[in-house]
Every structure is written in structure tokens, then in C-alpha cells.
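Below is the file structure_37.txt, which contains compact mmCIF, C-alpha atoms.
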# COMPACT_ATOMS: atom_id res chain seq x y z
CA MET A 1150 0.00 0.00 0.00
CA ARG A 1151 1.19 3.55 -0.77
CA LEU A 1152 0.86 5.92 2.18
CA ALA A 1153 1.46 9.57 2.99
CA LEU A 1154 2.51 10.78 6.42
CA LEU A 1155 0.95 13.97 7.69
CA SER A 1156 3.35 15.46 10.25
CA PHE A 1157 6.40 14.36 12.18
CA SER A 1158 5.06 14.15 15.72
CA HIS A 1159 3.53 13.11 18.15
CA HIS A 1160 4.32 9.60 16.80
CA GLY A 1161 4.24 10.33 13.09
CA ARG A 1162 7.78 9.33 12.25
CA SER A 1163 7.58 6.09 14.25
CA MET A 1164 4.22 5.21 12.65
CA ALA A 1165 5.74 5.62 9.21
CA ARG A 1166 8.81 3.58 10.16
CA VAL A 1167 6.70 0.66 11.36
CA THR A 1168 4.42 0.89 8.33
CA ARG A 1169 7.42 0.68 6.04
CA GLU A 1170 8.76 -2.31 8.00
CA LEU A 1171 5.41 -3.99 7.41
CA GLY A 1172 6.05 -3.80 3.67
CA HIS A 1173 4.22 -0.62 2.73
CA GLU A 1174 5.63 2.40 0.90
CA ILE A 1175 5.85 5.96 2.22
CA ILE A 1176 5.45 8.10 -0.90
CA GLY A 1177 4.98 11.56 0.60
CA VAL A 1178 5.58 13.33 3.91
CA MET A 1179 4.37 16.60 5.34
CA ASP A 1180 5.23 18.93 8.18
CA ALA A 1181 4.63 22.67 8.37
CA GLU A 1182 8.03 23.25 10.00
CA GLU A 1183 11.20 23.05 7.93
CA ALA A 1184 13.49 21.06 10.26
CA PRO A 1185 11.15 18.11 10.97
CA ARG A 1186 9.99 18.15 7.34
CA GLN A 1187 13.58 17.75 6.19
CA GLN A 1188 14.15 14.93 8.69
CA LEU A 1189 11.18 13.08 7.23
CA ALA A 1190 12.32 13.68 3.66
CA ASP A 1191 15.80 12.40 4.44
CA GLU A 1192 14.58 9.31 6.27
CA PHE A 1193 11.90 8.21 3.83
CA GLN A 1194 13.55 9.48 0.65
CA CYS A 1195 10.35 10.90 -0.79
CA PRO A 1196 8.88 14.32 -1.61
CA ALA A 1197 8.12 16.55 1.37
CA PHE A 1198 5.44 19.23 1.63
CA ASP A 1199 4.48 22.00 4.03
CA SER A 1200 0.72 21.42 3.91
CA ALA A 1201 -1.57 18.40 4.04
CA THR A 1202 -3.48 19.38 0.92
CA LEU A 1203 -0.33 19.72 -1.18
CA CYS A 1204 1.00 16.42 0.11
CA LEU A 1205 -2.17 14.47 -0.60
CA ASP A 1206 -2.82 16.03 -4.00
CA ALA A 1207 0.74 15.55 -5.22
CA SER A 1208 1.42 12.06 -3.85
CA GLN A 1209 -2.05 10.53 -4.43
CA PRO A 1210 -1.67 7.88 -1.68
CA ASP A 1211 -3.92 4.93 -0.95
CA ALA A 1212 -4.23 6.10 2.65
CA ALA A 1213 -2.74 8.59 5.10
CA LEU A 1214 -1.03 8.31 8.46
CA ILE A 1215 -2.07 11.31 10.61
CA ALA A 1216 -0.11 12.63 13.57
CA GLY A 1217 1.05 16.09 14.61
CA LYS A 1218 0.10 19.02 16.75
CA HIS A 1219 -3.13 18.43 18.61
CA ASN A 1220 -4.90 21.55 17.38
CA GLU A 1221 -3.89 20.89 13.74
CA MET A 1222 -4.75 17.19 13.43
CA PRO A 1223 -8.47 17.79 12.73
CA HIS A 1224 -7.46 19.84 9.67
CA TYR A 1225 -5.49 16.85 8.40
CA VAL A 1226 -8.50 14.61 9.01
CA GLN A 1227 -10.68 17.05 7.07
CA ALA A 1228 -8.20 17.07 4.18
CA CYS A 1229 -8.51 13.28 3.98
CA VAL A 1230 -12.30 13.39 4.24
CA ASP A 1231 -12.52 16.00 1.47
CA ARG A 1232 -10.67 13.54 -0.81
CA GLY A 1233 -12.47 10.42 0.37
CA LEU A 1234 -9.13 9.09 1.58
CA PRO A 1235 -8.82 6.42 4.32
CA PHE A 1236 -6.60 7.31 7.26
CA LEU A 1237 -4.97 6.01 10.42
CA LEU A 1238 -5.00 8.52 13.27
CA ASP A 1239 -2.49 8.83 16.11
CA LYS A 1240 -3.64 9.91 19.55
CA PRO A 1241 -4.43 12.39 21.05
CA PHE A 1242 -6.50 13.15 17.88
CA ALA A 1243 -7.13 16.83 18.79
CA ASP A 1244 -6.81 19.30 21.63
CA CYS A 1245 -10.55 19.05 22.33
CA ALA A 1246 -13.62 17.23 21.06
CA ASP A 1247 -15.21 20.34 19.54
CA ARG A 1248 -12.31 20.79 17.15
CA LEU A 1249 -12.49 17.22 15.84
CA ARG A 1250 -16.25 16.77 15.81
CA PRO A 1251 -17.09 18.40 12.40
CA ALA A 1252 -14.46 16.42 10.49
CA ALA A 1253 -15.44 13.24 12.34
CA ALA A 1254 -19.11 13.73 11.49
CA ALA A 1255 -18.27 14.23 7.82
CA CYS A 1256 -16.05 11.13 7.85
CA ILE A 1257 -18.82 9.00 9.34
CA GLU A 1258 -21.46 10.40 6.99
CA ARG A 1259 -19.32 9.58 3.94
CA GLY A 1260 -18.36 6.12 5.22
CA ILE A 1261 -14.62 6.76 4.97
CA PHE A 1262 -12.35 4.23 6.65
CA SER A 1263 -10.67 5.47 9.83
CA ALA A 1264 -8.56 3.71 12.46
CA LEU A 1265 -7.07 4.85 15.75
CA THR A 1266 -3.59 3.52 16.48
CA LEU A 1267 -4.17 2.74 20.17
CA PRO A 1268 -1.83 -0.12 21.11
CA ASN A 1269 -3.74 -1.30 24.20
CA ARG A 1270 -6.14 -2.86 21.72
CA ALA A 1271 -3.36 -5.23 20.62
CA THR A 1272 -2.32 -6.44 24.09
CA ARG A 1273 -2.79 -9.93 25.45
CA LEU A 1274 -4.05 -8.27 28.63
CA VAL A 1275 -7.12 -6.72 27.03
CA ALA A 1276 -7.80 -9.85 24.99
CA ARG A 1277 -7.71 -11.96 28.18
CA VAL A 1278 -10.00 -9.56 30.08
CA GLN A 1279 -12.49 -9.53 27.20
CA GLN A 1280 -12.46 -13.32 27.04
CA MET A 1281 -13.05 -13.55 30.80
CA MET A 1282 -15.91 -11.06 30.58
CA GLU A 1283 -17.52 -13.01 27.73
CA GLU A 1284 -17.24 -16.40 29.42
CA GLY A 1285 -18.26 -15.02 32.82
CA SER A 1286 -15.07 -15.91 34.70
CA LEU A 1287 -14.35 -12.26 35.57
CA GLY A 1288 -17.86 -11.65 36.82
CA ASP A 1289 -19.37 -8.19 36.61
CA LEU A 1290 -16.71 -5.52 36.20
CA ILE A 1291 -16.61 -3.38 39.34
CA LEU A 1292 -13.48 -1.26 39.07
CA TYR A 1293 -11.01 -0.40 36.31
CA ASN A 1294 -7.74 1.36 37.10
CA SER A 1295 -4.93 2.35 34.72
CA ARG A 1296 -1.75 4.35 35.18
CA LEU A 1297 0.49 5.69 32.40
CA ASN A 1298 3.22 7.76 34.01
CA ASN A 1299 6.15 8.80 31.83
CA GLY A 1300 9.19 11.04 32.25
CA PRO A 1301 9.22 14.82 32.78
CA PRO A 1302 7.87 17.35 30.28
CA SER A 1303 11.41 18.62 29.74
CA ARG A 1304 12.06 15.61 27.50
CA TYR A 1305 10.03 17.37 24.81
CA ASP A 1306 11.90 20.70 25.03
CA PRO A 1307 14.80 19.90 22.64
CA SER A 1308 12.63 17.92 20.20
CA PRO A 1309 10.26 18.72 17.31
CA SER A 1310 7.52 17.94 19.83
CA ALA A 1311 8.31 20.88 22.14
CA TRP A 1312 4.80 22.22 21.49
CA HIS A 1313 3.49 19.51 23.86
CA ASN A 1314 4.34 21.95 26.65
CA ASP A 1315 2.24 24.77 25.16
CA PRO A 1316 -1.40 24.28 26.26
CA LYS A 1317 -2.61 26.57 23.48
CA VAL A 1318 -1.41 23.90 21.04
CA SER A 1319 -1.78 20.67 23.01
CA GLY A 1320 -4.75 21.56 25.20
CA GLY A 1321 -2.81 20.59 28.32
CA GLY A 1322 -0.04 18.36 29.61
CA CYS A 1323 0.08 14.67 30.52
CA TRP A 1324 -3.70 14.31 30.58
CA ALA A 1325 -4.03 15.74 27.06
CA VAL A 1326 -1.16 13.63 25.73
CA GLU A 1327 -1.54 10.25 27.45
CA ALA A 1328 -5.05 9.83 28.88
CA ALA A 1329 -6.54 8.51 25.62
CA HIS A 1330 -4.99 5.09 26.21
CA GLY A 1331 -6.61 4.51 29.59
CA ILE A 1332 -9.93 6.05 28.55
CA ASP A 1333 -10.12 3.87 25.45
CA THR A 1334 -9.57 0.65 27.40
CA PHE A 1335 -12.26 1.65 29.90
CA LEU A 1336 -14.70 2.36 27.07
CA GLN A 1337 -13.80 -0.91 25.40
CA CYS A 1338 -14.77 -2.72 28.62
CA VAL A 1339 -18.03 -0.87 29.31
CA GLY A 1340 -19.25 -0.67 25.71
CA ARG A 1341 -21.75 2.01 24.77
CA LYS A 1342 -22.89 2.70 28.35
CA PRO A 1343 -23.06 6.41 29.26
CA VAL A 1344 -20.03 7.54 31.27
CA THR A 1345 -20.00 10.44 33.75
CA VAL A 1346 -16.93 12.18 35.16
CA VAL A 1347 -17.40 12.27 38.95
CA GLY A 1348 -13.93 13.35 40.05
CA ALA A 1349 -10.77 14.89 38.61
CA VAL A 1350 -7.41 16.43 39.51
CA ILE A 1351 -4.84 18.11 37.28
CA SER A 1352 -1.67 19.02 39.15
CA ASN A 1353 1.56 20.80 38.24
CA ALA A 1354 2.99 20.43 41.76
CA MET A 1355 6.12 18.65 40.56
CA TYR A 1356 7.48 20.97 37.85
CA ALA A 1357 5.39 24.15 38.22
CA ARG A 1358 4.95 24.33 34.45
CA ALA A 1359 2.01 25.73 32.51
CA VAL A 1360 0.98 22.12 31.77
CA GLU A 1361 0.02 19.49 34.34
CA ASP A 1362 2.43 16.73 35.35
CA VAL A 1363 -0.26 14.56 36.99
CA GLY A 1364 -3.82 14.03 35.81
CA VAL A 1365 -6.46 11.78 37.39
CA GLY A 1366 -10.00 11.19 36.18
CA VAL A 1367 -12.67 9.23 38.05
CA LEU A 1368 -15.40 7.89 35.78
CA ARG A 1369 -18.66 6.13 36.53
CA THR A 1370 -21.27 4.28 34.46
CA ASP A 1371 -24.96 4.37 35.34
CA ASP A 1372 -24.80 0.76 36.54
CA GLY A 1373 -21.91 1.42 38.92
CA ILE A 1374 -18.67 0.56 37.11
CA THR A 1375 -15.90 2.87 38.30
CA GLY A 1376 -12.90 3.87 36.21
CA ILE A 1377 -9.83 5.54 37.74
CA ILE A 1378 -7.45 6.74 35.06
CA GLU A 1379 -4.10 8.32 35.86
CA SER A 1380 -1.55 9.87 33.55
CA GLY A 1381 1.65 11.62 34.48
CA TYR A 1382 5.00 13.18 33.65
CA SER A 1383 6.37 12.37 37.09
CA TYR A 1384 8.47 9.24 36.50
CA PRO A 1385 12.25 9.59 37.01
CA SER A 1386 13.32 8.75 33.47
CA GLY A 1387 16.46 6.72 33.12
CA ALA A 1388 16.80 2.98 32.69
CA ARG A 1389 13.06 2.67 32.14
CA SER A 1390 10.59 4.86 30.31
CA GLY A 1391 7.84 5.00 32.90
CA ASP A 1392 5.47 3.50 35.42
CA HIS A 1393 2.57 1.73 33.70
CA SER A 1394 -0.06 -0.59 35.17
CA PHE A 1395 -3.62 -1.88 34.84
CA ARG A 1396 -6.16 -3.34 37.26
CA PHE A 1397 -9.52 -4.92 36.40
CA ILE A 1398 -11.58 -5.94 39.42
CA GLY A 1399 -14.53 -8.22 38.72
CA ALA A 1400 -16.96 -9.97 41.03
CA LYS A 1401 -15.16 -13.29 40.45
CA ALA A 1402 -11.55 -12.35 39.61
CA THR A 1403 -8.96 -9.58 39.52
CA VAL A 1404 -6.64 -9.09 36.56
CA LEU A 1405 -3.49 -6.98 36.89
CA GLN A 1406 -0.68 -5.99 34.61
CA ARG A 1407 2.66 -5.05 36.15
CA TYR A 1408 6.34 -5.44 35.27
CA ASP A 1409 8.99 -7.96 36.28
CA LYS A 1410 12.58 -7.08 37.26
CA GLN A 1411 13.64 -6.97 33.61
CA GLY A 1412 10.85 -4.55 32.72
CA ASN A 1413 8.72 -7.10 30.86
CA PRO A 1414 4.93 -6.73 31.20
CA VAL A 1415 3.28 -9.56 33.15
CA ILE A 1416 -0.44 -10.34 33.39
CA GLU A 1417 -1.65 -11.62 36.76
CA VAL A 1418 -5.01 -13.37 37.10
CA HIS A 1419 -6.16 -13.67 40.73
CA THR A 1420 -9.09 -15.87 41.76
CA THR A 1421 -10.15 -17.76 44.88
CA GLN A 1422 -8.05 -20.66 43.57
CA GLY A 1423 -4.86 -18.56 43.52
CA ALA A 1424 -2.90 -16.52 41.00
CA THR A 1425 -1.55 -17.31 37.54
CA PHE A 1426 1.05 -15.29 35.63
CA HIS A 1427 1.26 -14.77 31.86
CA PRO A 1428 3.65 -12.74 29.67
CA ASP A 1429 2.35 -9.84 27.62
CA ILE A 1430 4.01 -8.22 24.63
CA ALA A 1431 6.14 -5.08 24.87
CA HIS A 1432 5.01 -1.68 23.60
CA PRO A 1433 6.86 -1.76 20.23
CA ALA A 1434 5.17 -5.05 19.35
CA ARG A 1435 1.79 -3.65 20.41
CA MET A 1436 2.19 -0.66 18.10
CA ARG A 1437 3.34 -2.88 15.26
CA ASN A 1438 0.34 -5.18 15.76
CA ILE A 1439 -2.25 -2.41 15.86
CA LEU A 1440 -0.87 -0.87 12.67
CA ARG A 1441 -0.80 -4.26 10.98
CA GLN A 1442 -4.40 -4.96 12.00
CA ALA A 1443 -5.63 -1.56 10.84
CA LEU A 1444 -3.89 -1.78 7.46
CA ALA A 1445 -5.18 -5.33 6.97
CA ALA A 1446 -8.75 -4.18 7.66
CA LEU A 1447 -8.34 -1.37 5.14
CA HIS A 1448 -6.89 -3.72 2.51
CA GLU A 1449 -9.70 -6.24 3.03
CA GLY A 1450 -12.48 -3.63 2.98
CA ARG A 1451 -13.46 -4.15 6.62
CA SER A 1452 -14.31 -1.53 9.21
CA PHE A 1453 -12.02 -1.12 12.21
CA GLU A 1454 -12.39 -0.35 15.90
CA PRO A 1455 -11.46 2.00 17.40
CA ASN A 1456 -12.26 4.62 14.77
CA ILE A 1457 -12.99 8.33 14.45
CA ALA A 1458 -16.27 8.04 16.39
CA ASP A 1459 -14.35 6.55 19.31
CA ALA A 1460 -11.84 9.42 19.09
CA VAL A 1461 -14.62 11.94 19.67
CA ARG A 1462 -15.97 9.98 22.63
CA ILE A 1463 -12.50 9.72 24.19
CA LEU A 1464 -11.96 13.46 23.77
CA GLU A 1465 -15.36 14.24 25.29
CA ILE A 1466 -14.36 12.38 28.46
CA GLN A 1467 -10.91 13.96 28.39
CA ASP A 1468 -12.50 17.41 28.14
CA ALA A 1469 -14.96 16.65 30.94
CA VAL A 1470 -12.12 15.72 33.29
CA TYR A 1471 -10.39 19.03 32.52
CA ALA A 1472 -13.63 20.95 33.09
CA HIS A 1473 -14.25 19.18 36.40
CA ALA A 1474 -10.71 19.81 37.64
CA ARG A 1475 -10.55 23.44 36.51
CA ALA A 1476 -13.84 24.28 38.26
CA ASN A 1477 -12.35 24.00 41.75
CA PRO A 1478 -9.09 25.59 42.98
CA MET A 1479 -8.46 22.46 45.08
CA THR A 1480 -8.38 20.19 42.02
CA ASN A 1481 -5.89 22.05 39.85
CA GLY A 1482 -2.54 23.79 40.26
CA PRO A 1483 -1.06 24.66 42.75
CA TYR A 1484 0.90 26.81 40.27
CA PRO A 1485 -0.79 28.74 37.44
CA LEU A 1486 -1.76 26.50 34.52
CA GLY A 1487 -1.87 27.84 31.00
CA ALA A 1488 -5.18 28.20 29.24
CA PRO A 1489 -5.93 25.84 26.35
CA GLY A 1490 -6.39 27.21 22.85
CA VAL A 1491 -9.77 28.15 21.46

Produce C-alpha cells that represent the structure in this file.
Amino acid sequence: MRLALLSFSHHGRSMARVTRELGHEIIGVMDAEEAPRQQLADEFQCPAFDSATLCLDASQPDAALIAGKHNEMPHYVQACVDRGLPFLLDKPFADCADRLRPAAAACIERGIFSALTLPNRATRLVARVQQMMEEGSLGDLILYNSRLNNGPPSRYDPSPSAWHNDPKVSGGGCWAVEAAHGIDTFLQCVGRKPVTVVGAVISNAMYARAVEDVGVGVLRTDDGITGIIESGYSYPSGARSGDHSFRFIGAKATVLQRYDKQGNPVIEVHTTQGATFHPDIAHPARMRNILRQALAALHEGRSFEPNIADAVRILEIQDAVYAHARANPMTNGPYPLGAPGV
């Protein structure tokens, strides 16, 4: 398949690398800024453009890979929709739901293929939990808890992704950048049930930056399933990239994912009979698998989940957590936080 990449970051370059490794061709790249655009041109040895429309019209790809600045990604989606072009979309999709919603609605109305590249969907953990829910061995889901805590925001400063630390572009900090993963897995577990945000904190206590370094959202379904989702920039980066974990508590079993001493993800299934331990796959393999699955669905003419409709729902919850936290001085700060863009 012939693909165009729209923008270097957030994960644009890595998406294109993996796609090429899977046997596809990158025939055009785009970034509005000269330095990252040149990096893409050099790496993929193809024409480079400074706008999405020029890139798509000149390269005529079979599909597009969309990444980039949060507040610009909906424009790239719209460019694909205007051309009836299928696309794969990196998180966080947009800086807010309102900015993505018009392009998403047009995409759905026209029946254009879309896929979100959310690697939790390709884990053995989620597959095992889904199987246990279907066969009844988990029992009713009572509590879901996820934590995705990476290194400090300063890691973005020297990179083409420095705009992550500008809330007018990104919409916020760790919650805007990382929360989509945990929210998506919660929504995958609860299905189409309505979800209400009942608690939230966004804190910049660690680095006193204009973006938060800890974000916590507490979600609740009408039938009593609780979701506690944490994201952060507060891990001491070094030998490992972060502190990541999952917990699914059902009426009959608890399923955890943690890490062993070597940093490999391990699934733990706890029941009244004891605990069993199972290896999961590492993050690079998860990303590779989700891209492979999405491109296979596109090639075979199948729909894919998650898609652009799920992106809007994730962003709506993300936005509601921000609104809840910003409404009370005790649930944001303690240092001044920058305002998101409009």
C-alpha cells in the first residue's frame, strides 16, 4: 500500500517507520516546520510538503497516516475526508472534542475508513479480560484502574515535539497527551454505556509548568462501574521509560498488569483458587500489531475499531475531566496553569 505521512510528531515518524517495516511504501511526507519536514524527507527518501493538501494532492496515496500538533490534526482529518481518503489517526486526535467533531461527522457520513492507532487494543491483557468477561469468569466488572506515568515534560523541550508543553497547542499536559490510552480501554470494557466524570485532579505540583504533570479522572457508568485513570509526567526517566499498570476488578476475579525485574509486562489473574502469571508483549510489538491490524482491515475492505467516532468519545471524556478539575481551585494547580487554545 502507498501511504502519505501527515506530520512528524507526536508519533508520526515512528508510525511511518513501522508501516514501512510492514512492507508498505511511504510516498509523501508533510510537516509545516522546515526542520522536521527535512528529517522526514531524508529518512523516507520521498517528496516533502508543508501542507496536508499539497502532500495528498501531489502524492495521491492509498491512505494517510495522521499525527502532529493536537490543534492541527483535525485539519489533516478534514483534508482526507474531502478527498475520500482512508486514514490512520495517532492519539491524542485533537486538543478538544469540539475541534475534531465536524471532520469526524463528515467522515462517518461519507463512510470513509478510519482507524485509531491505540496499542492497548493489541495487548494480550485486554484480549484476556475480554475473554473472561464473555465467558463469565471475571464476573461483573466493578473497578477499572490504569496508570500511564512517563518522564518529565522537559524531555520534549529539545525535540520537534516541544509544542506539547504549550497548552494553546496541546490543550494541556500529561492528561491531554496520554489519557486517551486509559480512557479507550475503559470504554472498550463498558461498551456504549453512558459515562459520567465524577472526580478529577490536574496538578503541576512537581514541575510548576504551565501544563500538568499529573492528571487523574474518576469515571462512573450508570450501573456502577468505576474507572480511575491516571496519567503523568512524574516518572524519574532513566533505565526505564515509565510507570505503567492496569487493574480490572470483577466480582469473580482480579486481573493486573505489572512489570517484572527486567521490565517485561506480566499479566496476573487472581481468583479464589490462587494466581496465575502470563507474559504480555512489549510496547513496540503492540504498536506494530495495531498498525498491521488496521492496514489489513483497510486492505480487506473491513471496518475497524477503534475509529474516528471513538476518538470523539475519548476526547469528550478527556475534556470533561479538565472541566471538572478546573472548576475548583483544590483540584488544579497549585501553580498557574496555562489556558488551552480556542

With stretch 1357-1370 of chain A as the partner and 9 Å as the cut-off, tabulate the residues of stretch 1187-1305 of chain A that qualify, each row holding the nearest pair of atoms and their distance in Å to one decimal, using only C-alpha atoms, sorted by chain and rising number, as JSON lines.
{"residue": "A:Asn1298", "atom": "CA", "partner": "A:Val1363", "partner_atom": "CA", "distance": 8.2}
{"residue": "A:Pro1301", "atom": "CA", "partner": "A:Asp1362", "partner_atom": "CA", "distance": 7.5}
{"residue": "A:Pro1302", "atom": "CA", "partner": "A:Asp1362", "partner_atom": "CA", "distance": 7.5}

Problem - Long-range neighbours of A:Gln1442 as JSON, numbers by chain, 12 Å cut-off, only C-alpha atoms, 2 positions minimum in chain - result: {"A": [1168, 1171, 1237, 1264, 1265, 1266, 1267, 1268, 1270, 1271, 1435, 1436, 1437, 1438, 1439, 1440, 1444, 1445, 1446, 1447, 1448, 1449, 1451, 1452, 1453, 1454, 1455]}

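For stretch 1470-1476 of chain A, the set of protein, DNA and RNA residues having any atom at most 7 Å away, when counting only C-alpha atoms and skipping those fewer than 2 positions along the same chain, is Val1346, Gly1348, Ala1349, Val1350, Ile1351, Gly1366, Ile1466, Gln1467, Asp1468, Pro1478, Thr1480 and Asn1481 of chain A.
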
Exercise for the section: In the coordinates of the file, take the point (10.1, -3.5, 33.5) and a cut-off of 9 Å; then, counting all atoms listed in the file, name each qualifying protein, DNA or RNA residue as a ChimeraX atom specification. Expected result: /A:1389-1392,1407-1414

Problem - A:His1427 environment, 10 Å, all atoms listed in the file, sequence neighbours closer than 6 positions dropped, as a PyMOL selection string - result: chain A and resi 1273-1274+1406+1414-1418

Exercise for the section: Have a look at atom CA of A:Pro1385 and atom CA of A:Leu1336 and let me know their distance in Å, one decimal. Expected result: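 Computing it gives 29.6 Å between the two atoms.
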